[in-house]
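Asks: This is final-v8.cif (mmCIF, C-alpha atoms and all ligand atoms).
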```
data_structure
#
loop_
_atom_site.label_atom_id
_atom_site.label_comp_id
_atom_site.auth_asym_id
_atom_site.auth_seq_id
_atom_site.Cartn_x
_atom_site.Cartn_y
_atom_site.Cartn_z
CA MET A 15 -10.31 -101.31 -16.64
CA SER A 16 -13.63 -102.64 -17.81
CA ASP A 17 -16.52 -100.22 -17.93
CA ALA A 18 -18.39 -102.41 -15.46
CA ASN A 19 -15.91 -101.19 -12.88
CA LYS A 20 -16.36 -97.61 -13.95
CA PRO A 21 -20.02 -96.71 -13.53
CA LEU A 22 -19.31 -93.08 -12.66
CA GLY A 23 -18.78 -90.71 -15.58
CA THR A 24 -16.52 -88.72 -13.29
CA LEU A 25 -15.29 -89.32 -9.76
CA ASP A 26 -17.00 -86.05 -8.86
CA GLU A 27 -20.41 -87.67 -9.29
CA TRP A 28 -19.90 -89.46 -6.00
CA GLU A 29 -19.03 -86.22 -4.23
CA ASP A 30 -21.96 -84.40 -5.85
CA PHE A 31 -24.17 -87.09 -4.35
CA LEU A 32 -22.57 -86.51 -0.93
CA LYS A 33 -23.43 -82.83 -1.25
CA GLU A 34 -27.05 -83.67 -1.96
CA ARG A 35 -27.14 -85.97 1.01
CA TYR A 36 -25.46 -83.51 3.34
CA PRO A 37 -26.39 -80.05 2.11
CA GLU A 38 -24.06 -77.28 3.15
CA PRO A 39 -25.07 -76.12 6.61
CA GLN A 40 -26.85 -72.78 6.38
CA PRO A 41 -25.53 -69.91 8.46
CA VAL A 42 -27.39 -69.76 11.76
CA GLN A 43 -28.39 -66.16 11.16
CA GLY A 44 -31.70 -66.01 9.35
CA PHE A 45 -32.25 -69.71 9.76
CA GLN A 46 -35.93 -70.58 10.00
CA ALA A 47 -36.44 -73.95 11.57
CA THR A 48 -40.05 -74.00 10.46
CA SER A 49 -39.40 -73.22 6.81
CA PRO A 50 -41.41 -75.78 4.83
CA GLU A 51 -38.80 -75.75 2.10
CA LYS A 52 -36.05 -76.65 4.52
CA LYS A 53 -38.07 -79.58 5.78
CA LYS A 54 -38.58 -80.89 2.31
CA GLU A 55 -34.86 -80.80 1.71
CA GLN A 56 -34.04 -82.55 4.96
CA PHE A 57 -36.42 -85.41 4.32
CA ARG A 58 -35.56 -85.99 0.70
CA ASN A 59 -34.92 -89.56 -0.22
CA TYR A 60 -31.35 -89.37 -1.49
CA GLU A 61 -31.21 -92.98 -2.53
CA ALA A 62 -34.29 -92.75 -4.73
CA ASP A 63 -33.04 -89.50 -6.27
CA ALA A 64 -29.51 -90.71 -6.92
CA ARG A 65 -28.32 -90.90 -10.51
CA PRO A 66 -28.23 -94.47 -11.89
CA SER A 67 -24.44 -94.22 -12.19
CA VAL A 68 -24.10 -93.37 -8.50
CA ARG A 69 -26.48 -96.13 -7.54
CA GLU A 70 -24.49 -98.66 -9.57
CA PHE A 71 -21.28 -97.36 -8.03
CA TYR A 72 -22.59 -98.03 -4.51
CA ARG A 73 -23.94 -101.43 -5.54
CA LEU A 74 -20.45 -102.53 -6.63
CA ASN A 75 -18.78 -100.90 -3.63
CA HIS A 76 -21.03 -102.60 -1.08
CA GLN A 77 -20.90 -105.94 -2.85
CA HIS A 78 -17.14 -106.17 -3.22
CA GLN A 79 -15.65 -104.40 -0.19
CA THR A 80 -15.25 -107.48 1.99
CA TYR A 81 -12.84 -108.03 4.86
CA GLY A 82 -10.80 -110.34 2.63
CA PHE A 83 -10.72 -107.86 -0.23
CA VAL A 84 -9.37 -105.15 2.07
CA GLN A 85 -6.61 -107.45 3.42
CA GLN A 86 -5.61 -108.27 -0.13
CA LYS A 87 -5.45 -104.61 -1.19
CA ARG A 88 -3.47 -103.65 1.92
CA LYS A 89 -0.90 -106.32 1.02
CA GLU A 90 -0.87 -105.20 -2.58
CA PHE A 91 -0.45 -101.46 -2.01
CA LEU A 92 0.87 -100.70 1.46
CA ALA A 93 4.38 -101.94 0.76
CA LEU A 94 4.57 -98.61 -1.12
CA ASN A 95 6.91 -100.06 -3.70
CA ARG A 96 5.24 -98.82 -6.88
CA LYS A 97 6.68 -95.36 -7.43
CA GLN A 98 8.77 -92.67 -5.81
CA MET A 99 7.56 -89.17 -6.54
CA SER A 100 7.85 -85.70 -5.13
CA VAL A 101 4.56 -84.14 -4.02
CA TRP A 102 4.42 -82.07 -7.22
CA GLU A 103 5.14 -85.09 -9.38
CA ALA A 104 2.34 -86.93 -7.62
CA LEU A 105 -0.01 -83.97 -8.11
CA ASP A 106 0.87 -83.83 -11.80
CA TYR A 107 0.39 -87.58 -12.07
CA LEU A 108 -3.02 -87.38 -10.40
CA ASN A 109 -3.92 -84.61 -12.79
CA THR A 110 -3.53 -86.99 -15.74
CA LEU A 111 -6.67 -88.69 -14.42
CA VAL A 112 -9.17 -87.57 -16.98
CA ASP A 113 -12.73 -88.58 -16.33
CA ASP A 114 -14.78 -89.88 -19.24
CA SER A 115 -17.83 -87.70 -19.52
CA ASP A 116 -16.96 -84.39 -18.05
CA PRO A 117 -18.20 -81.80 -20.51
CA ASP A 118 -19.22 -79.03 -18.09
CA THR A 119 -16.41 -78.85 -15.62
CA ASP A 120 -13.04 -77.60 -16.66
CA LEU A 121 -11.66 -78.09 -13.18
CA SER A 122 -9.02 -80.74 -12.72
CA GLN A 123 -8.13 -82.80 -9.66
CA LEU A 124 -5.32 -80.34 -8.98
CA ASP A 125 -7.75 -77.42 -9.17
CA HIS A 126 -9.91 -79.07 -6.51
CA LEU A 127 -6.91 -79.59 -4.27
CA LEU A 128 -5.69 -76.02 -4.71
CA GLN A 129 -9.16 -74.60 -4.09
CA THR A 130 -9.48 -76.63 -0.91
CA ALA A 131 -6.05 -75.54 0.31
CA GLU A 132 -6.59 -71.89 -0.58
CA GLN A 133 -9.88 -71.75 1.29
CA ILE A 134 -8.21 -73.23 4.36
CA ARG A 135 -5.41 -70.69 4.00
CA ASN A 136 -7.86 -67.80 3.64
CA ASP A 137 -9.49 -68.81 6.90
CA GLY A 138 -6.18 -68.47 8.71
CA HIS A 139 -5.62 -72.10 9.64
CA PRO A 140 -2.20 -73.62 10.50
CA ARG A 141 0.23 -74.48 7.72
CA TRP A 142 -0.14 -78.26 8.14
CA PHE A 143 -3.91 -77.82 7.67
CA ILE A 144 -3.35 -75.99 4.37
CA LEU A 145 -0.95 -78.70 3.23
CA THR A 146 -3.53 -81.33 4.10
CA GLY A 147 -6.01 -79.56 1.86
CA LEU A 148 -3.48 -79.65 -0.97
CA ILE A 149 -2.74 -83.36 -0.80
CA HIS A 150 -5.84 -84.99 0.70
CA ASP A 151 -6.99 -86.68 -2.53
CA LEU A 152 -3.57 -87.74 -3.83
CA GLY A 153 -4.55 -91.33 -3.02
CA LYS A 154 -6.87 -91.20 -6.02
CA ILE A 155 -3.84 -92.10 -8.12
CA LEU A 156 -5.07 -95.63 -7.33
CA CYS A 157 -7.35 -95.09 -10.33
CA LEU A 158 -4.28 -94.67 -12.50
CA TYR A 159 -3.03 -98.06 -11.36
CA GLY A 160 -6.20 -99.46 -12.92
CA GLU A 161 -8.13 -99.91 -9.68
CA PRO A 162 -11.93 -99.84 -10.03
CA GLN A 163 -13.72 -96.68 -8.89
CA TRP A 164 -15.48 -98.54 -6.09
CA ALA A 165 -12.07 -99.35 -4.58
CA VAL A 166 -10.82 -95.75 -4.76
CA VAL A 167 -13.67 -93.43 -3.77
CA GLY A 168 -16.95 -93.71 -1.91
CA ASP A 169 -17.71 -93.16 1.76
CA THR A 170 -15.73 -95.63 3.83
CA PHE A 171 -16.82 -97.98 6.62
CA PRO A 172 -15.18 -100.60 8.83
CA VAL A 173 -15.02 -104.14 7.44
CA GLY A 174 -15.04 -107.37 9.45
CA CYS A 175 -17.92 -106.18 11.60
CA ALA A 176 -21.60 -105.24 11.27
CA TRP A 177 -22.42 -102.47 8.77
CA SER A 178 -24.09 -99.45 10.33
CA GLU A 179 -27.72 -99.02 9.28
CA LYS A 180 -26.83 -95.43 8.44
CA ILE A 181 -24.59 -96.40 5.54
CA VAL A 182 -26.27 -95.24 2.37
CA PHE A 183 -27.68 -97.95 0.06
CA HIS A 184 -27.41 -100.41 2.92
CA GLN A 185 -29.49 -102.97 1.02
CA PHE A 186 -26.61 -103.56 -1.40
CA PHE A 187 -24.70 -105.28 1.41
CA ASP A 188 -27.08 -108.21 0.89
CA SER A 189 -24.80 -109.29 -1.98
CA ASN A 190 -21.60 -108.94 0.06
CA PRO A 191 -20.15 -112.38 0.88
CA ASP A 192 -19.36 -111.18 4.44
CA LYS A 193 -23.08 -111.27 5.04
CA GLU A 194 -22.73 -115.06 5.41
CA ASN A 195 -19.99 -114.81 8.04
CA SER A 196 -21.62 -114.69 11.46
CA ARG A 197 -18.58 -113.18 13.16
CA TYR A 198 -18.42 -110.31 10.67
CA GLN A 199 -22.10 -109.68 11.27
CA GLN A 200 -21.66 -108.99 14.98
CA GLN A 201 -21.45 -105.39 16.08
CA LEU A 202 -17.77 -105.63 17.06
CA GLY A 203 -16.85 -108.34 14.58
CA VAL A 204 -13.14 -109.11 14.68
CA TYR A 205 -12.36 -106.07 16.88
CA GLU A 206 -12.60 -105.07 20.53
CA ALA A 207 -14.73 -102.30 21.94
CA GLY A 208 -12.81 -99.05 22.38
CA ALA A 209 -9.70 -100.51 20.74
CA GLY A 210 -9.26 -97.37 18.64
CA LEU A 211 -9.83 -96.83 14.94
CA ASP A 212 -6.20 -97.55 14.17
CA LYS A 213 -6.97 -101.21 14.93
CA VAL A 214 -10.02 -101.22 12.64
CA CYS A 215 -9.72 -102.02 8.92
CA MET A 216 -11.65 -99.59 6.78
CA SER A 217 -13.09 -100.33 3.36
CA TRP A 218 -10.29 -99.81 0.85
CA GLY A 219 -9.84 -96.50 -0.92
CA HIS A 220 -7.84 -93.32 -1.44
CA ASP A 221 -7.99 -92.22 2.21
CA GLU A 222 -6.24 -95.22 3.78
CA TYR A 223 -3.70 -95.46 0.98
CA LEU A 224 -2.55 -91.84 1.27
CA TYR A 225 -2.45 -92.08 5.07
CA HIS A 226 0.27 -94.71 4.74
CA VAL A 227 2.20 -92.64 2.22
CA VAL A 228 2.42 -89.58 4.49
CA LYS A 229 2.09 -90.97 8.01
CA ASP A 230 5.65 -90.20 9.06
CA TYR A 231 5.53 -86.54 8.10
CA LEU A 232 2.38 -84.82 9.34
CA PRO A 233 0.81 -84.14 12.74
CA ASP A 234 -1.92 -86.48 13.99
CA GLU A 235 -4.67 -83.98 13.25
CA ALA A 236 -3.68 -83.93 9.57
CA LEU A 237 -3.36 -87.70 9.44
CA TYR A 238 -6.86 -88.15 10.81
CA MET A 239 -8.23 -85.75 8.21
CA ILE A 240 -6.53 -87.70 5.45
CA ARG A 241 -7.38 -91.15 6.73
CA TYR A 242 -11.01 -90.54 7.65
CA HIS A 243 -12.26 -87.74 5.42
CA SER A 244 -14.58 -90.18 3.59
CA PHE A 245 -15.71 -91.95 6.79
CA ASP A 246 -19.03 -90.11 6.65
CA PRO A 247 -20.89 -92.73 8.71
CA ALA A 248 -18.72 -91.63 11.67
CA HIS A 249 -17.98 -87.94 11.12
CA ARG A 250 -21.44 -87.10 9.77
CA ASP A 251 -23.71 -89.63 11.38
CA GLY A 252 -21.90 -90.41 14.63
CA GLN A 253 -21.73 -94.14 13.94
CA TYR A 254 -19.11 -96.64 15.16
CA ASP A 255 -18.40 -94.75 18.36
CA TYR A 256 -17.92 -98.13 20.08
CA PHE A 257 -14.60 -98.62 18.28
CA MET A 258 -13.24 -95.19 19.16
CA ASN A 259 -10.88 -94.31 21.96
CA ASP A 260 -10.53 -90.84 23.50
CA LYS A 261 -7.90 -89.79 20.99
CA ASP A 262 -10.15 -90.74 18.06
CA ARG A 263 -13.02 -88.69 19.47
CA LYS A 264 -10.80 -85.68 19.99
CA MET A 265 -9.26 -85.99 16.53
CA PHE A 266 -12.61 -86.33 14.83
CA ASP A 267 -13.26 -82.69 15.66
CA TRP A 268 -10.49 -81.99 13.14
CA VAL A 269 -11.96 -84.37 10.59
CA ARG A 270 -15.23 -82.45 10.90
CA ALA A 271 -13.39 -79.13 10.64
CA PHE A 272 -11.78 -80.29 7.39
CA ASN A 273 -14.87 -81.68 5.74
CA PRO A 274 -16.58 -78.44 4.64
CA TYR A 275 -13.42 -77.32 2.85
CA ASP A 276 -13.35 -80.55 0.89
CA LEU A 277 -16.99 -80.62 -0.11
CA TYR A 278 -18.24 -77.07 -0.33
CA THR A 279 -15.37 -75.01 -1.70
CA LYS A 280 -15.67 -76.01 -5.34
CA SER A 281 -15.89 -72.88 -7.43
CA HIS A 282 -15.59 -72.34 -11.16
CA GLN A 283 -12.69 -69.99 -10.64
CA LYS A 284 -9.56 -71.81 -11.76
CA PRO A 285 -6.74 -71.30 -9.22
CA ASN A 286 -3.66 -69.59 -10.64
CA LEU A 287 -0.95 -72.20 -10.23
CA MET A 288 1.88 -69.90 -11.33
CA GLU A 289 1.02 -67.40 -8.63
CA LEU A 290 0.48 -69.98 -5.92
CA ARG A 291 3.42 -72.21 -6.66
CA PRO A 292 6.12 -70.46 -4.54
CA PHE A 293 3.95 -70.57 -1.40
CA TYR A 294 3.20 -74.27 -1.84
CA ASP A 295 6.80 -75.15 -2.79
CA GLU A 296 7.92 -73.82 0.55
CA LEU A 297 5.07 -75.47 2.43
CA ILE A 298 5.80 -78.87 0.89
CA ARG A 299 9.51 -78.54 1.71
CA GLU A 300 8.66 -77.73 5.30
CA TYR A 301 7.03 -81.12 5.90
CA PHE A 302 8.04 -83.61 3.24
CA PRO A 303 11.26 -85.12 1.94
CA GLU A 304 12.10 -84.67 -1.75
CA GLN A 305 10.57 -88.04 -2.64
CA LEU A 306 7.63 -89.93 -1.20
CA LYS A 307 7.04 -93.66 -1.61
CA PHE A 308 3.78 -94.57 -3.29
FE FE A 401 -11.29 -87.52 -0.93
FE FE A 402 -11.50 -83.95 -1.95
#
```
Can the structure in the file be given as structure tokens, please?
Ligand SMILES: [Fe+2]
Ligand SMILES: [Fe+2]
Replies:
Amino acid sequence: MSDANKPLGTLDEWEDFLKERYPEPQPVQGFQATSPEKKKEQFRNYEADARPSVREFYRLNHQHQTYGFVQQKRKEFLALNRKQMSVWEALDYLNTLVDDSDPDTDLSQLDHLLQTAEQIRNDGHPRWFILTGLIHDLGKILCLYGEPQWAVVGDTFPVGCAWSEKIVFHQFFDSNPDKENSRYQQQLGVYEAGAGLDKVCMSWGHDEYLYHVVKDYLPDEALYMIRYHSFDPAHRDGQYDYFMNDKDRKMFDWVRAFNPYDLYTKSHQKPNLMELRPFYDELIREYFPEQLKF
């Protein structure tokens, strides 16, 4: 992959930016609505403060994620005929993804997944929820197939219809060829109001890909978490409600329940895989066949 397609030193840079944009909600107790410091934080200009690498990442993402590009990637990857792997094999494979300039963090992709799952487990959530934490980023193996970062990570949005004004770095859509297509620039674009998100094509990335890998094996709540965990314009900013049906709205409560575990549970404590392995072996066996198609 050319470096032009790899502006981020590490995939984590995008998620660090998300954390700056959406700071971890403070506990209600002791919250001072009038705190001047709080206000400053809320009104920070995230775009201006973003690292150049993150800015370049969004520029490429918004320029290249067209309706046509997404159709092409769906054809290319959703036949799921690349590899057959067990969940552990896929986790190990993902873990070979070594980011270029990552001197400070010794945490791997697998560490992030285990930390997410363990936090969900500690909070007493159902077993499928824990399993979702463990696998939710497995779709990032797209990077190992040589896909550019902007087609693997980044907050997702519907394509083939107008871009919400709330999407960060909105101005970069000016270079997206879909800008010239009047149908794609209408609010509903190629879709119908209330048709349900399942009918709506999202910008291409690790969420949609993994959804197709696991869709026969997990409950709907888990599948929504996996498929829409990067759809921040909807689960954070309440956008695109006009495409949702009642099921989507109900299920998005679960997407929102999952989100804090994904974003705010990173700690420097490395999970002990040896200790955790038996629990997760059993959990994986409970839901998945020996091999999954990727
Ligand atoms: Fe993710
Ligand atoms: Fe994640």
Asks: Around ligand FE 402 (chain A), at most 7 Å away and counting all atoms listed in the file, which residues are there? Put them as a list of chain:residue names, please.
Replies: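 With all atoms listed in the file and a cut-off of 7 Å, ligand FE 402 (chain A) is contacted by A:His126, A:Leu127, A:His150, A:Asp151, A:Asp276, A:Leu277.
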Asks: From the list A:Tyr107, A:Tyr275, A:Phe245, A:Trp102, which residue is nearest A:Asp137 when using all atoms listed in the file?
Replies: A:Tyr275
Asks: So, with only C-alpha atoms as the atoms that count, which of A:Asn190, A:Leu124, A:Cys157, A:Pro285 lies closest to A:Val101?
Replies: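 Going through A:Asn190, A:Leu124, A:Cys157, A:Pro285 one by one, the smallest distance to A:Val101 is for A:Leu124.
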Asks: Any residue with an atom at most 7 Å from ligand FE 401 (chain A) counts, using only C-alpha atoms and all ligand atoms. Which are they? Put them as a list in words.
Replies: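 The neighbouring residues of ligand FE 401 (chain A) are, in order, His150, Asp151, Val167, His220, Asp221, His243 and Ser244 of chain A.
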Asks: Got a sec: who's within 8 Å of A:Trp177, counting only C-alpha atoms, leaving out chain neighbours fewer than 6 positions off, as a PyMOL selection string?
Replies: chain A and resi 171+184+199+201
Asks: Need to verify the contact set: A:Lys87, 10 Å, all atoms listed in the file, exclusion of same-chain residues closer than 2 positions in sequence. Can you return it as a PyMOL selection string?
Replies: chain A and resi 82-85+89-92+165+217-219+223
Asks: Between A:Gly147, A:Gly203, A:Pro303, A:Pro292, which residue has the minimum interatomic distance to A:Tyr256, considering only C-alpha atoms?
Replies: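 Smallest distance to A:Tyr256 is found for A:Gly203.
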Asks: Write out as lines of an AutoDock Vina configuration file an axis-aligned box for stretch 59-62 of chain A: all of its atoms listed in the file, 4 Å added on each side, centre and edge lengths in Å with one decimal.
Replies:
```
center_x = -33.1
center_y = -91.2
center_z = -2.5
size_x = 11.7
size_y = 11.6
size_z = 12.5
```
Asks: Smallest atom-to-atom distance to A:Phe293: which of A:Arg135, A:Gln123, A:Val68, A:Lys213, using all atoms listed in the file?
Replies: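 Nearest to A:Phe293: A:Arg135.
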Asks: Using all atoms listed in the file for the distances, tell me which of A:Pro247, A:Pro233, A:Pro37, A:Gly208 is nearest to A:Asp262.
Replies: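 That would be A:Gly208, the residue with the smallest distance to A:Asp262.
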Asks: Tell me, in Å to one decimal, how far atom CA of A:His249 is from atom CA of A:Leu156.
Replies: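 Computed distance, atom CA of A:His249 to atom CA of A:Leu156, equals 23.8 Å.
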Asks: Of the candidates A:Thr279, A:Thr24, A:Gln185, A:Asn286, which shows the shortest atom-to-atom distance to A:Glu61, using all atoms listed in the file?
Replies: A:Gln185
Asks: One number please: atom CA of A:His76 to atom CA of A:Arg197, in Å, one decimal.
Replies: 17.9 Å
Asks: Would you pick out the contacts of A:Leu32 at 10 Å or less, using all atoms listed in the file, so that residues sharing its chain but fewer than 6 positions from it are not included, and give the list as a PyMOL selection string?
Replies: chain A and resi 26+60+168-169+244+246+277
